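Printed here is run34.cif (mmCIF, C-alpha atoms):
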data_input
loop_
_atom_site.label_atom_id
_atom_site.label_comp_id
_atom_site.auth_asym_id
_atom_site.auth_seq_id
_atom_site.Cartn_x
_atom_site.Cartn_y
_atom_site.Cartn_z
CA MET A 1 10.71 8.88 31.43
CA ALA A 2 11.00 5.66 33.45
CA LEU A 3 12.17 3.60 30.48
CA PHE A 4 14.63 6.30 29.54
CA ASP A 5 16.36 5.96 32.90
CA VAL A 6 16.16 2.18 33.10
CA SER A 7 17.63 1.65 29.66
CA GLY A 8 20.73 3.60 30.64
CA TYR A 9 20.56 5.66 27.45
CA LYS A 10 23.04 8.51 27.73
CA SER A 11 22.94 11.63 25.61
CA HIS A 12 26.19 12.54 23.94
CA ALA A 13 25.58 16.27 23.74
CA GLY A 14 28.50 17.14 26.02
CA LEU A 15 30.97 14.83 24.29
CA ARG A 16 29.87 15.96 20.83
CA GLY A 17 30.42 19.58 21.79
CA GLN A 18 34.01 18.77 22.68
CA ILE A 19 34.67 16.90 19.45
CA LEU A 20 32.88 19.18 17.01
CA GLY A 21 33.68 22.42 18.78
CA THR A 22 31.60 25.58 18.82
CA GLY A 23 29.69 26.93 15.89
CA VAL A 24 27.50 23.86 15.47
CA GLY A 25 24.14 24.73 16.97
CA HIS A 26 21.09 22.65 17.86
CA LEU A 27 17.64 23.19 16.45
CA ILE A 28 15.92 23.04 19.84
CA ASP A 29 17.24 21.83 23.18
CA ARG A 30 16.63 18.08 22.67
CA PRO A 31 19.03 16.06 24.80
CA ASN A 32 18.45 12.75 22.99
CA GLN A 33 19.04 14.08 19.47
CA GLU A 34 21.47 12.06 17.38
CA PHE A 35 22.55 14.63 14.81
CA ALA A 36 23.78 18.18 15.19
CA VAL A 37 21.76 20.38 12.84
CA PRO A 38 23.13 23.70 11.61
CA VAL A 39 21.22 26.75 12.78
CA GLY A 40 18.47 28.00 10.45
CA VAL A 41 17.98 24.78 8.47
CA ASP A 42 14.46 23.39 8.04
CA PRO A 43 14.75 19.72 7.01
CA SER A 44 11.12 19.11 6.11
CA GLY A 45 10.95 22.26 4.00
CA PHE A 46 14.13 21.21 2.23
CA LEU A 47 12.67 17.79 1.52
CA LYS A 48 9.53 19.36 0.08
CA SER A 49 11.65 21.37 -2.33
CA CYS A 50 13.27 18.15 -3.51
CA SER A 51 10.00 16.54 -4.51
CA ARG A 52 8.05 16.85 -7.76
CA GLU A 53 6.28 20.04 -6.61
CA GLY A 54 9.67 21.67 -6.21
CA GLY A 55 10.55 20.87 -9.81
CA VAL A 56 13.13 18.19 -9.01
CA SER A 57 12.62 14.49 -9.78
CA THR A 58 13.88 13.04 -6.52
CA ASP A 59 11.19 10.84 -5.00
CA LEU A 60 11.68 8.94 -1.78
CA ASN A 61 11.17 5.18 -1.77
CA HIS A 62 7.59 4.76 -0.62
CA GLY A 63 6.15 1.70 -2.32
CA THR A 64 5.59 -1.39 -0.24
CA THR A 65 3.11 -3.86 1.14
CA THR A 66 3.74 -5.38 4.55
CA LEU A 67 1.29 -7.23 6.75
CA ALA A 68 1.20 -9.01 10.09
CA PHE A 69 -1.58 -10.72 12.01
CA LYS A 70 -1.96 -12.60 15.28
CA PHE A 71 -3.74 -15.94 15.38
CA ARG A 72 -3.97 -18.93 17.70
CA HIS A 73 -0.50 -20.23 16.94
CA GLY A 74 1.48 -16.98 17.00
CA VAL A 75 2.02 -14.09 14.60
CA ILE A 76 2.44 -14.24 10.83
CA VAL A 77 4.58 -11.57 9.16
CA ALA A 78 4.64 -11.17 5.37
CA VAL A 79 6.35 -8.48 3.28
CA ASP A 80 7.05 -7.80 -0.39
CA SER A 81 10.54 -6.95 -1.67
CA ARG A 82 10.27 -4.12 -4.18
CA ALA A 83 12.20 -0.89 -3.54
CA SER A 84 11.00 1.89 -5.86
CA ALA A 85 12.41 5.37 -6.45
CA GLY A 86 9.49 7.11 -8.15
CA SER A 87 8.67 4.90 -11.11
CA TYR A 88 12.11 3.22 -11.18
CA ILE A 89 12.49 -0.14 -9.45
CA ALA A 90 15.67 0.28 -7.45
CA SER A 91 15.70 -3.27 -6.16
CA LYS A 92 13.52 -6.33 -6.67
CA GLU A 93 14.89 -8.16 -3.64
CA ALA A 94 15.10 -5.58 -0.90
CA ASN A 95 15.00 -6.89 2.64
CA LYS A 96 12.12 -5.29 4.48
CA VAL A 97 12.24 -7.35 7.66
CA ILE A 98 14.94 -6.69 10.23
CA GLU A 99 15.74 -9.60 12.51
CA ILE A 100 16.42 -7.71 15.75
CA ASN A 101 16.97 -10.83 17.86
CA PRO A 102 15.60 -14.40 17.78
CA TYR A 103 12.43 -13.13 19.49
CA LEU A 104 11.91 -9.75 17.79
CA LEU A 105 11.21 -8.75 14.21
CA GLY A 106 10.71 -5.33 12.65
CA THR A 107 9.12 -4.58 9.25
CA MET A 108 9.88 -1.56 7.09
CA SER A 109 7.78 0.63 4.82
CA GLY A 110 8.18 4.22 3.70
CA SER A 111 11.64 5.62 3.19
CA ALA A 112 14.14 2.77 2.99
CA ALA A 113 16.96 4.85 4.46
CA ASP A 114 14.92 5.97 7.46
CA CYS A 115 13.62 2.46 8.19
CA GLN A 116 17.00 0.79 7.90
CA TYR A 117 18.74 3.33 10.10
CA TRP A 118 16.19 3.65 12.89
CA GLU A 119 15.42 -0.04 13.14
CA ARG A 120 19.09 -0.89 13.20
CA LEU A 121 19.43 1.67 16.02
CA LEU A 122 16.51 -0.03 17.76
CA ALA A 123 18.33 -3.36 17.45
CA LYS A 124 21.36 -1.79 19.13
CA GLU A 125 19.24 -0.44 21.96
CA CYS A 126 17.55 -3.83 22.47
CA ARG A 127 20.95 -5.50 22.71
CA LEU A 128 22.17 -2.89 25.20
CA TYR A 129 19.00 -3.39 27.26
CA LYS A 130 19.67 -7.11 27.42
CA LEU A 131 23.27 -6.59 28.47
CA ARG A 132 22.35 -4.06 31.16
CA ASN A 133 19.27 -5.80 32.57
CA LYS A 134 20.12 -9.48 31.97
CA GLN A 135 16.69 -10.09 30.45
CA ARG A 136 15.24 -9.65 26.99
CA ILE A 137 13.37 -6.44 26.26
CA SER A 138 9.58 -6.74 26.04
CA VAL A 139 7.83 -6.05 22.72
CA SER A 140 5.96 -3.16 24.33
CA ALA A 141 9.19 -1.53 25.49
CA ALA A 142 10.99 -2.06 22.19
CA SER A 143 8.15 -0.47 20.23
CA LYS A 144 8.06 2.42 22.70
CA LEU A 145 11.79 3.03 22.20
CA LEU A 146 11.25 3.29 18.44
CA CYS A 147 8.22 5.50 18.95
CA ASN A 148 10.21 7.90 21.11
CA MET A 149 13.00 8.05 18.53
CA MET A 150 10.36 9.18 16.02
CA LEU A 151 9.01 11.72 18.50
CA GLY A 152 12.44 13.33 18.69
CA TYR A 153 12.35 14.09 14.97
CA ARG A 154 8.70 15.00 14.65
CA GLY A 155 7.94 17.34 11.76
CA MET A 156 11.37 16.93 10.18
CA GLY A 157 10.31 14.77 7.26
CA LEU A 158 11.05 11.23 8.43
CA SER A 159 9.00 8.58 6.67
CA MET A 160 8.64 5.22 8.36
CA GLY A 161 5.74 2.84 8.88
CA SER A 162 6.80 -0.26 10.73
CA MET A 163 5.50 -3.13 12.76
CA ILE A 164 7.34 -4.60 15.75
CA ILE A 165 6.54 -8.28 16.26
CA GLY A 166 7.76 -10.41 19.13
CA TRP A 167 7.05 -12.98 21.78
CA ASP A 168 7.70 -12.09 25.43
CA ASN A 169 6.34 -12.97 28.90
CA LYS A 170 2.94 -11.57 27.99
CA GLY A 171 2.67 -13.76 24.89
CA PRO A 172 2.72 -12.74 21.22
CA GLY A 173 3.07 -9.00 20.63
CA LEU A 174 2.27 -6.89 17.55
CA TYR A 175 2.75 -3.12 17.51
CA TYR A 176 2.44 -0.59 14.68
CA VAL A 177 4.83 2.39 14.93
CA ASP A 178 5.07 5.22 12.39
CA ASP A 179 6.92 8.48 11.74
CA ASN A 180 4.17 10.53 13.46
CA ALA A 181 5.11 8.62 16.63
CA THR A 182 1.79 6.75 16.49
CA ARG A 183 2.11 3.48 18.42
CA LEU A 184 -0.75 0.99 18.34
CA SER A 185 -1.12 -2.53 19.64
CA GLY A 186 -3.42 -4.77 17.64
CA HIS A 187 -4.29 -8.09 16.08
CA MET A 188 -3.71 -7.20 12.46
CA PHE A 189 -1.89 -4.44 10.61
CA SER A 190 -0.91 -3.74 7.04
CA THR A 191 1.29 -0.84 5.92
CA GLY A 192 2.48 0.71 2.68
CA CYS A 193 0.65 1.84 -0.45
CA GLY A 194 -0.51 -1.68 -1.19
CA SER A 195 -1.96 -2.12 2.29
CA SER A 196 -5.61 -1.56 1.34
CA TYR A 197 -5.46 -4.49 -1.09
CA ALA A 198 -3.88 -6.69 1.55
CA TYR A 199 -6.57 -5.71 4.09
CA GLY A 200 -9.26 -6.82 1.64
CA VAL A 201 -7.87 -10.32 1.21
CA VAL A 202 -6.74 -10.92 4.80
CA ASP A 203 -9.95 -9.53 6.39
CA SER A 204 -12.16 -11.76 4.27
CA GLY A 205 -10.10 -14.92 4.80
CA TYR A 206 -9.16 -14.53 8.48
CA ARG A 207 -10.33 -16.91 11.23
CA GLU A 208 -8.84 -16.91 14.72
CA ASP A 209 -8.67 -20.73 14.75
CA MET A 210 -6.80 -21.18 11.47
CA THR A 211 -4.23 -23.93 11.18
CA VAL A 212 -0.62 -22.91 10.71
CA GLU A 213 -0.63 -23.84 7.01
CA GLU A 214 -3.82 -21.87 6.41
CA ALA A 215 -2.27 -18.84 8.08
CA TYR A 216 0.86 -19.10 5.91
CA GLU A 217 -1.36 -19.25 2.84
CA LEU A 218 -3.38 -16.23 3.97
CA GLY A 219 -0.20 -14.19 4.50
CA ARG A 220 1.12 -15.21 1.08
CA ARG A 221 -2.22 -14.42 -0.55
CA GLY A 222 -2.43 -10.99 1.07
CA ILE A 223 0.96 -9.90 -0.28
CA THR A 224 0.47 -11.55 -3.69
CA HIS A 225 -2.88 -9.90 -4.37
CA ALA A 226 -1.57 -6.54 -3.20
CA THR A 227 1.46 -6.78 -5.50
CA HIS A 228 -0.86 -7.72 -8.37
CA ARG A 229 -2.84 -4.48 -8.01
CA ASP A 230 -0.26 -2.04 -6.62
CA ALA A 231 2.41 -0.91 -9.05
CA TYR A 232 4.90 -0.10 -6.29
CA SER A 233 4.87 -3.55 -4.66
CA GLY A 234 6.34 -6.73 -6.07
CA GLY A 235 9.33 -9.05 -6.05
CA VAL A 236 9.17 -11.92 -3.57
CA VAL A 237 7.07 -12.65 -0.50
CA ASN A 238 9.21 -13.02 2.63
CA LEU A 239 7.13 -14.92 5.16
CA TYR A 240 7.99 -15.25 8.87
CA HIS A 241 6.18 -17.02 11.72
CA MET A 242 6.68 -15.74 15.29
CA GLN A 243 6.32 -18.66 17.69
CA GLU A 244 6.79 -19.06 21.43
CA ASP A 245 10.39 -20.14 21.04
CA GLY A 246 11.31 -17.48 18.50
CA TRP A 247 10.67 -16.69 14.86
CA ILE A 248 11.19 -18.95 11.86
CA LYS A 249 11.52 -17.91 8.24
CA VAL A 250 8.85 -19.87 6.41
CA CYS A 251 9.47 -19.09 2.77
CA LYS A 252 10.66 -16.66 0.12
CA GLU A 253 8.52 -17.07 -3.01
CA ASP A 254 8.40 -15.06 -6.21
CA VAL A 255 5.14 -13.17 -6.57
CA SER A 256 4.81 -13.81 -10.30
CA GLU A 257 4.93 -17.56 -9.70
CA LEU A 258 2.39 -17.31 -6.89
CA ILE A 259 -0.02 -15.26 -8.98
CA HIS A 260 0.04 -17.91 -11.71
CA ARG A 261 -0.69 -20.55 -9.12
CA TYR A 262 -3.71 -18.51 -8.02
CA ARG A 263 -4.76 -17.43 -11.50
CA LYS A 264 -7.66 -19.82 -12.07
CA GLY A 265 -10.65 -17.56 -12.45
CA MET A 266 -8.66 -14.36 -12.15
CA PHE A 267 -7.57 -13.73 -15.71
CA MET B 268 -27.82 3.62 -11.89
CA PHE B 269 -29.43 4.54 -15.18
CA LYS B 270 -31.47 2.16 -17.30
CA LEU B 271 -30.29 2.60 -20.88
CA SER B 272 -32.47 -0.17 -22.28
CA ASP B 273 -34.21 -3.37 -21.17
CA LYS B 274 -30.91 -5.15 -20.73
CA ILE B 275 -28.32 -2.38 -20.21
CA LEU B 276 -27.51 -0.45 -17.03
CA LEU B 277 -25.16 2.51 -16.71
CA LEU B 278 -23.54 3.31 -13.34
CA CYS B 279 -22.22 6.84 -13.24
CA VAL B 280 -20.12 8.54 -10.50
CA GLY B 281 -18.01 11.68 -10.45
CA GLU B 282 -18.51 15.44 -10.44
CA ALA B 283 -21.83 16.67 -9.11
CA GLY B 284 -24.16 17.60 -11.92
CA ASP B 285 -21.99 16.07 -14.64
CA THR B 286 -23.07 12.56 -13.66
CA VAL B 287 -26.80 12.99 -14.18
CA GLN B 288 -26.41 15.25 -17.23
CA PHE B 289 -24.10 12.89 -19.07
CA ALA B 290 -25.95 9.72 -18.08
CA GLU B 291 -29.33 11.10 -19.13
CA TYR B 292 -27.85 12.36 -22.41
CA ILE B 293 -26.60 8.84 -23.19
CA GLN B 294 -29.86 7.31 -22.01
CA LYS B 295 -32.00 9.46 -24.31
CA ASN B 296 -29.70 8.91 -27.29
CA ILE B 297 -29.84 5.11 -26.84
CA GLN B 298 -33.67 5.36 -26.81
CA LEU B 299 -33.58 7.58 -29.92
CA TYR B 300 -31.51 4.96 -31.78
CA LYS B 301 -34.15 2.37 -30.89
CA MET B 302 -36.94 4.57 -32.16
CA ARG B 303 -35.18 5.43 -35.43
CA ASN B 304 -33.90 1.95 -36.29
CA GLY B 305 -36.39 -0.40 -34.66
CA TYR B 306 -33.86 -2.38 -32.62
CA GLU B 307 -31.74 -1.74 -29.56
CA LEU B 308 -28.00 -1.22 -29.41
CA SER B 309 -25.98 -4.14 -28.03
CA PRO B 310 -24.06 -3.51 -24.77
CA LYS B 311 -20.78 -3.44 -26.72
CA ALA B 312 -22.11 -0.86 -29.15
CA ALA B 313 -23.63 1.22 -26.36
CA ALA B 314 -20.32 1.18 -24.46
CA ASN B 315 -18.37 2.32 -27.50
CA PHE B 316 -20.98 4.99 -28.27
CA THR B 317 -20.70 6.27 -24.68
CA ARG B 318 -16.91 6.26 -24.88
CA LYS B 319 -16.88 8.25 -28.11
CA ASN B 320 -19.23 10.84 -26.63
CA LEU B 321 -17.15 11.16 -23.48
CA ALA B 322 -13.95 11.49 -25.53
CA ASP B 323 -15.46 14.18 -27.77
CA TYR B 324 -16.67 16.18 -24.78
CA LEU B 325 -13.22 15.83 -23.19
CA ARG B 326 -11.76 17.63 -26.18
CA SER B 327 -14.27 20.45 -26.02
CA ARG B 328 -14.65 23.41 -23.70
CA THR B 329 -17.14 21.48 -21.55
CA PRO B 330 -15.60 18.17 -20.45
CA TYR B 331 -17.59 15.76 -18.29
CA HIS B 332 -15.69 14.43 -15.26
CA VAL B 333 -17.38 11.05 -14.74
CA ASN B 334 -16.39 7.43 -14.12
CA LEU B 335 -18.70 4.80 -15.58
CA LEU B 336 -19.55 1.11 -15.44
CA LEU B 337 -21.78 -0.21 -18.21
CA ALA B 338 -23.38 -3.61 -17.68
CA GLY B 339 -25.51 -5.49 -20.19
CA PHE B 340 -26.69 -8.81 -21.53
CA ASP B 341 -26.37 -9.58 -25.21
CA GLU B 342 -28.32 -12.36 -26.97
CA THR B 343 -25.24 -13.60 -28.81
CA ASP B 344 -22.30 -12.58 -26.59
CA GLY B 345 -23.85 -13.15 -23.15
CA PRO B 346 -23.24 -10.86 -20.17
CA GLY B 347 -20.71 -8.05 -20.50
CA LEU B 348 -19.22 -5.47 -18.12
CA TYR B 349 -17.44 -2.39 -19.46
CA TYR B 350 -15.21 -0.17 -17.31
CA MET B 351 -14.79 3.45 -18.43
CA ASP B 352 -12.85 6.15 -16.65
CA HIS B 353 -12.97 9.95 -16.79
CA LEU B 354 -10.30 10.05 -19.52
CA SER B 355 -12.58 7.90 -21.66
CA ALA B 356 -10.54 4.70 -21.54
CA LEU B 357 -12.74 1.65 -22.17
CA ALA B 358 -12.03 -1.91 -21.04
CA LYS B 359 -14.17 -5.03 -20.89
CA ALA B 360 -13.62 -6.69 -17.52
CA PRO B 361 -14.98 -9.64 -15.51
CA PHE B 362 -15.32 -7.35 -12.45
CA ALA B 363 -14.63 -3.69 -11.76
CA ALA B 364 -14.88 -0.90 -9.21
CA HIS B 365 -14.50 2.88 -9.18
CA GLY B 366 -13.58 5.23 -6.34
CA TYR B 367 -11.66 4.78 -3.08
CA GLY B 368 -13.67 1.68 -2.27
CA ALA B 369 -11.89 0.00 -5.16
CA TYR B 370 -8.63 -0.04 -3.18
CA LEU B 371 -10.23 -2.34 -0.64
CA THR B 372 -12.52 -4.43 -2.83
CA LEU B 373 -10.48 -5.18 -5.95
CA SER B 374 -8.22 -7.63 -4.12
CA ILE B 375 -11.25 -9.47 -2.72
CA LEU B 376 -12.70 -9.74 -6.22
CA ASP B 377 -9.32 -10.95 -7.52
CA ARG B 378 -9.19 -13.56 -4.80
CA TYR B 379 -12.69 -15.04 -4.96
CA TYR B 380 -14.04 -14.38 -8.47
CA ARG B 381 -14.53 -17.33 -10.83
CA PRO B 382 -16.22 -17.12 -14.24
CA ASP B 383 -18.61 -19.94 -13.25
CA LEU B 384 -20.06 -18.43 -10.05
CA THR B 385 -23.70 -19.20 -9.33
CA ARG B 386 -26.08 -16.33 -8.62
CA ASP B 387 -26.01 -16.88 -4.85
CA GLU B 388 -22.21 -17.15 -4.84
CA ALA B 389 -22.01 -13.87 -6.73
CA VAL B 390 -24.25 -12.12 -4.21
CA ASP B 391 -22.11 -13.60 -1.41
CA LEU B 392 -19.00 -12.17 -3.08
CA LEU B 393 -20.69 -8.78 -3.21
CA LYS B 394 -21.55 -9.13 0.48
CA LYS B 395 -17.88 -9.87 1.25
CA CYS B 396 -16.88 -6.64 -0.50
CA ILE B 397 -19.48 -4.61 1.36
CA GLU B 398 -18.46 -6.12 4.70
CA GLU B 399 -14.87 -5.10 4.02
CA LEU B 400 -15.96 -1.54 3.21
CA ASN B 401 -18.03 -1.50 6.38
CA LYS B 402 -14.97 -2.56 8.33
CA ARG B 403 -12.13 -0.52 6.78
CA PHE B 404 -13.58 2.35 4.77
CA ILE B 405 -13.55 5.72 6.41
CA LEU B 406 -17.04 6.72 5.23
CA ASN B 407 -20.13 5.00 6.58
CA LEU B 408 -22.16 3.58 3.68
CA PRO B 409 -25.38 2.29 5.24
CA SER B 410 -27.07 0.69 2.24
CA PHE B 411 -26.42 -0.63 -1.24
CA SER B 412 -28.97 -1.26 -3.99
CA VAL B 413 -28.28 -4.38 -6.03
CA ARG B 414 -29.48 -5.29 -9.53
CA LEU B 415 -28.98 -8.35 -11.68
CA ILE B 416 -29.07 -8.45 -15.50
CA ASP B 417 -29.74 -11.72 -17.32
CA LYS B 418 -31.44 -12.84 -20.53
CA GLU B 419 -34.81 -11.95 -19.05
CA GLY B 420 -33.75 -8.39 -18.30
CA ILE B 421 -33.00 -6.25 -15.25
CA HIS B 422 -34.06 -7.56 -11.82
CA ASP B 423 -34.00 -5.73 -8.49
CA LEU B 424 -32.38 -7.84 -5.77
CA GLU B 425 -32.60 -7.34 -2.01
CA LYS B 426 -30.94 -4.18 -0.66
CA LEU B 427 -27.70 -4.91 1.22
CA MET B 428 -27.41 -3.09 4.54
CA PRO B 429 -24.31 -4.09 6.53
CA VAL B 430 -24.70 -4.16 10.31
CA GLY B 431 -22.32 -2.18 12.56
CA ALA B 432 -18.79 -3.60 12.89
CA LYS B 433 -18.10 -5.79 15.93
#
Output the structure of this file as structure tokens.
Amino acid sequence: MALFDVSGYKSHAGLRGQILGTGVGHLIDRPNQEFAVPVGVDPSGFLKSCSREGGVSTDLNHGTTTLAFKFRHGVIVAVDSRASAGSYIASKEANKVIEINPYLLGTMSGSAADCQYWERLLAKECRLYKLRNKQRISVSAASKLLCNMMLGYRGMGLSMGSMIIGWDNKGPGLYYVDDNATRLSGHMFSTGCGSSYAYGVVDSGYREDMTVEEAYELGRRGITHATHRDAYSGGVVNLYHMQEDGWIKVCKEDVSELIHRYRKGMF
Amino acid sequence: MFKLSDKILLLCVGEAGDTVQFAEYIQKNIQLYKMRNGYELSPKAAANFTRKNLADYLRSRTPYHVNLLLAGFDETDGPGLYYMDHLSALAKAPFAAHGYGAYLTLSILDRYYRPDLTRDEAVDLLKKCIEELNKRFILNLPSFSVRLIDKEGIHDLEKLMPVGAK
């Protein structure tokens, strides 16, 4: 892969073998694999046995609503902040946006552990790219790095639906990357179990020539209405605006206050 | 859509066969009440009657798997919409939806509904919902029949047929 060579990414298989010694096998010969997996283990099968069908009550954190859309003045990114473990709310102020660098943001939905780890790893790789190549990584390349990380663990039970937002030489960039290694460029995405509700509100209120304030309001509305209907989304709306000279954090507002502001005619 | 009386409509979706059987059973029983007693059931009474029937059948060997919306106009109470699901839960609501389409349309209804909408605004809101389904829903739904219930009764409005997405 051209990017693989350019980024200077080195596999540590040889070094790991020296440290860990023999007896630790690899699942398949994958030079860029991070973890050594014992022979005969099937991670996705194991995960299935840990879910409700297997008789155990360990559910992965899946509930979320995140959305991002491009418009004339940049990209708006809005996320909720509820982390749920089954029907238990593990956190009401989880951080679902990772600030990779002043020109790159990543959103998280799906398994919190997977998102946090892999996007943090992506941040490391973006920093290394900048140090090696003396220029910032493009949004396209950053999203492709994440996509290829997912490809390496295909079928092993990772759960991650994220959006990579940035501004580079080609202008504003918005990519959707998920655990199937799907990578899509687009003008608007929403992920998580509350995403269908967010699509409804944002699709019906979207205009390409919105003012900045109107776009902020649309992002807030999308998340608020989704948290109102989806049980697994809630908390606060974290709103970011990706501009030409970097991102700014616009606001962090409690959803229950927002819904009361919007309640006229609702209930 | 089943016409229960001059001012009550029943929308019934769910398991094939069950829908028509159950809806027609309710329809005929509402008509029977009118014949026996000389006056029609109010929408509220019809909704509760339907719910009781659905609940009783649920607890028998032959449950009906249907989701219902009952809409009616009452002389004293005004317009009323009743949401009923397959477990026979009943709720009066200002707006409602059943099925996968609900995931996309409920937030639009939350966002734009007001109790004092005019008739044209209400049809526009319905059009917004249908446009969203046309854009994001996986199944292609080429046409929707629309009816309006007011104090004069049930009126057929223009069919809504969304054009292909751009």
At a cut-off of 7 Å, which residues of chain A touch chain B? Count all atoms listed in the file and give the answer as JSON, numbers by chain. {"A": [196, 197, 199, 200, 201, 204, 225, 226, 265, 266]}
Take the PyMOL selection byres ((chain A and resi 222) around 6), run it mentally on this structure, and tell me the resulting residues as an MDAnalysis selection string. chainID A and resid 198 201:202 219:221 223:225
As a check of understanding, name the residues that the PyMOL selection byres ((chain B and resi 306-318) around 8) selects in the supplied structure, as a JSON list (two decimals) with C-alpha atoms, keeping the file's coordinate frame.
[["chain", "number", "residue", "atom", "x", "y", "z"],
["B", 272, "SER", "CA", -32.47, -0.17, -22.28],
["B", 275, "ILE", "CA", -28.32, -2.38, -20.21],
["B", 293, "ILE", "CA", -26.60, 8.84, -23.19],
["B", 297, "ILE", "CA", -29.84, 5.11, -26.84],
["B", 298, "GLN", "CA", -33.67, 5.36, -26.81],
["B", 300, "TYR", "CA", -31.51, 4.96, -31.78],
["B", 301, "LYS", "CA", -34.15, 2.37, -30.89],
["B", 302, "MET", "CA", -36.94, 4.57, -32.16],
["B", 304, "ASN", "CA", -33.90, 1.95, -36.29],
["B", 305, "GLY", "CA", -36.39, -0.40, -34.66],
["B", 319, "LYS", "CA", -16.88, 8.25, -28.11],
["B", 320, "ASN", "CA", -19.23, 10.84, -26.63],
["B", 321, "LEU", "CA", -17.15, 11.16, -23.48],
["B", 322, "ALA", "CA", -13.95, 11.49, -25.53],
["B", 337, "LEU", "CA", -21.78, -0.21, -18.21],
["B", 338, "ALA", "CA", -23.38, -3.61, -17.68],
["B", 339, "GLY", "CA", -25.51, -5.49, -20.19],
["B", 340, "PHE", "CA", -26.69, -8.81, -21.53],
["B", 341, "ASP", "CA", -26.37, -9.58, -25.21],
["B", 347, "GLY", "CA", -20.71, -8.05, -20.50],
["B", 349, "TYR", "CA", -17.44, -2.39, -19.46],
["B", 351, "MET", "CA", -14.79, 3.45, -18.43],
["B", 355, "SER", "CA", -12.58, 7.90, -21.66],
["B", 356, "ALA", "CA", -10.54, 4.70, -21.54],
["B", 357, "LEU", "CA", -12.74, 1.65, -22.17]]
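Atom to atom, CA of Ser256 in chain A and CA of Tyr232 in chain A stand 14.3 Å apart.
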For the structure shown, which residues end up in the PyMOL selection byres ((chain A and resi 79-83) around 7)? Put them as a list in words, please?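 The output of the PyMOL selection byres ((chain A and resi 79-83) around 7) on this file is Asn61, Gly63, Thr64, Thr65, Thr66, Leu67, Val77, Ala78, Ser84, Ala85, Ile89, Ala90, Ser91, Lys92, Glu93, Ala94, Asn95, Lys96, Ile223, Ser233, Gly234, Gly235, Val236, Val237, Asn238 and Leu239 of chain A.
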Name the closest residue to Thr107 in chain A among the candidates A:Lys70, A:Ser138, A:Ser162, A:Asn148; distances are taken between atoms, counting only C-alpha atoms.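 Looking only at the distances to Thr107 in chain A, the closest residue turns out to be A:Ser162.
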Kindly give the distance, in Å, that separates CA of Ala142 in chain A and CA of Gly166 in chain A, rounded to a single decimal. 9.5 Å
Which value, in Å to one decimal, gives the distance between CA of Tyr240 in chain A and CA of Tyr117 in chain A? 21.5 Å
Quick one: residues within 8 Å of Pro429 in chain B, only C-alpha atoms counted, chain neighbours fewer than 3 positions away excluded, as a list in words?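 Skipping anything fewer than 3 positions along the chain leaves Ile397, Glu398, Asn401, Pro409 and Ser410 of chain B.
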May I have the residues from that selection written out with C-alpha atoms, as a compact mmCIF listing (two decimals), keeping the file's coordinate frame?
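The file below, selection.txt, is the result:
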# COMPACT_ATOMS: atom_id res chain seq x y z
CA ILE B 397 -19.48 -4.61 1.36
CA GLU B 398 -18.46 -6.12 4.70
CA ASN B 401 -18.03 -1.50 6.38
CA PRO B 409 -25.38 2.29 5.24
CA SER B 410 -27.07 0.69 2.24
Find the residues near Leu146 in chain A: any atom within 9 Å, counting only C-alpha atoms, skip ones fewer than 2 places away on the same chain, and give them as a PyMOL selection string. chain A and resi 118-119+121-122+141-144+148-151+177-178+181
Nearest residue to Pro172 in chain A out of A:Arg263, A:His187, A:Arg154, A:His228, using all atoms listed in the file? A:His187
Repair of range 348-354 of chain B at the level of N, CA, C and O atoms, as a PDB file, in the frame of the given file:
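File written: result.pdb
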ATOM      1  N   LEU B 348     -19.445  -6.607 -19.016  1.00  0.00           N
ATOM      2  CA  LEU B 348     -19.220  -5.470 -18.120  1.00  0.00           C
ATOM      3  C   LEU B 348     -18.126  -4.604 -18.721  1.00  0.00           C
ATOM      4  O   LEU B 348     -17.060  -5.110 -19.068  1.00  0.00           O
ATOM      5  N   TYR B 349     -18.399  -3.310 -18.848  1.00  0.00           N
ATOM      6  CA  TYR B 349     -17.440  -2.390 -19.460  1.00  0.00           C
ATOM      7  C   TYR B 349     -17.053  -1.313 -18.463  1.00  0.00           C
ATOM      8  O   TYR B 349     -17.902  -0.658 -17.883  1.00  0.00           O
ATOM      9  N   TYR B 350     -15.743  -1.152 -18.255  1.00  0.00           N
ATOM     10  CA  TYR B 350     -15.210  -0.170 -17.310  1.00  0.00           C
ATOM     11  C   TYR B 350     -14.733   1.034 -18.112  1.00  0.00           C
ATOM     12  O   TYR B 350     -13.972   0.884 -19.060  1.00  0.00           O
ATOM     13  N   MET B 351     -15.204   2.240 -17.718  1.00  0.00           N
ATOM     14  CA  MET B 351     -14.790   3.450 -18.430  1.00  0.00           C
ATOM     15  C   MET B 351     -14.377   4.488 -17.417  1.00  0.00           C
ATOM     16  O   MET B 351     -15.089   4.709 -16.444  1.00  0.00           O
ATOM     17  N   ASP B 352     -13.243   5.146 -17.633  1.00  0.00           N
ATOM     18  CA  ASP B 352     -12.850   6.150 -16.650  1.00  0.00           C
ATOM     19  C   ASP B 352     -13.012   7.564 -17.216  1.00  0.00           C
ATOM     20  O   ASP B 352     -13.448   7.744 -18.355  1.00  0.00           O
ATOM     21  N   HIS B 353     -12.663   8.561 -16.419  1.00  0.00           N
ATOM     22  CA  HIS B 353     -12.970   9.950 -16.790  1.00  0.00           C
ATOM     23  C   HIS B 353     -12.125  10.432 -17.962  1.00  0.00           C
ATOM     24  O   HIS B 353     -12.390  11.486 -18.515  1.00  0.00           O
ATOM     25  N   LEU B 354     -11.082   9.672 -18.335  1.00  0.00           N
ATOM     26  CA  LEU B 354     -10.300  10.050 -19.520  1.00  0.00           C
ATOM     27  C   LEU B 354     -10.771   9.289 -20.739  1.00  0.00           C
ATOM     28  O   LEU B 354     -10.106   9.295 -21.774  1.00  0.00           O
TER      29      LEU B 354
END
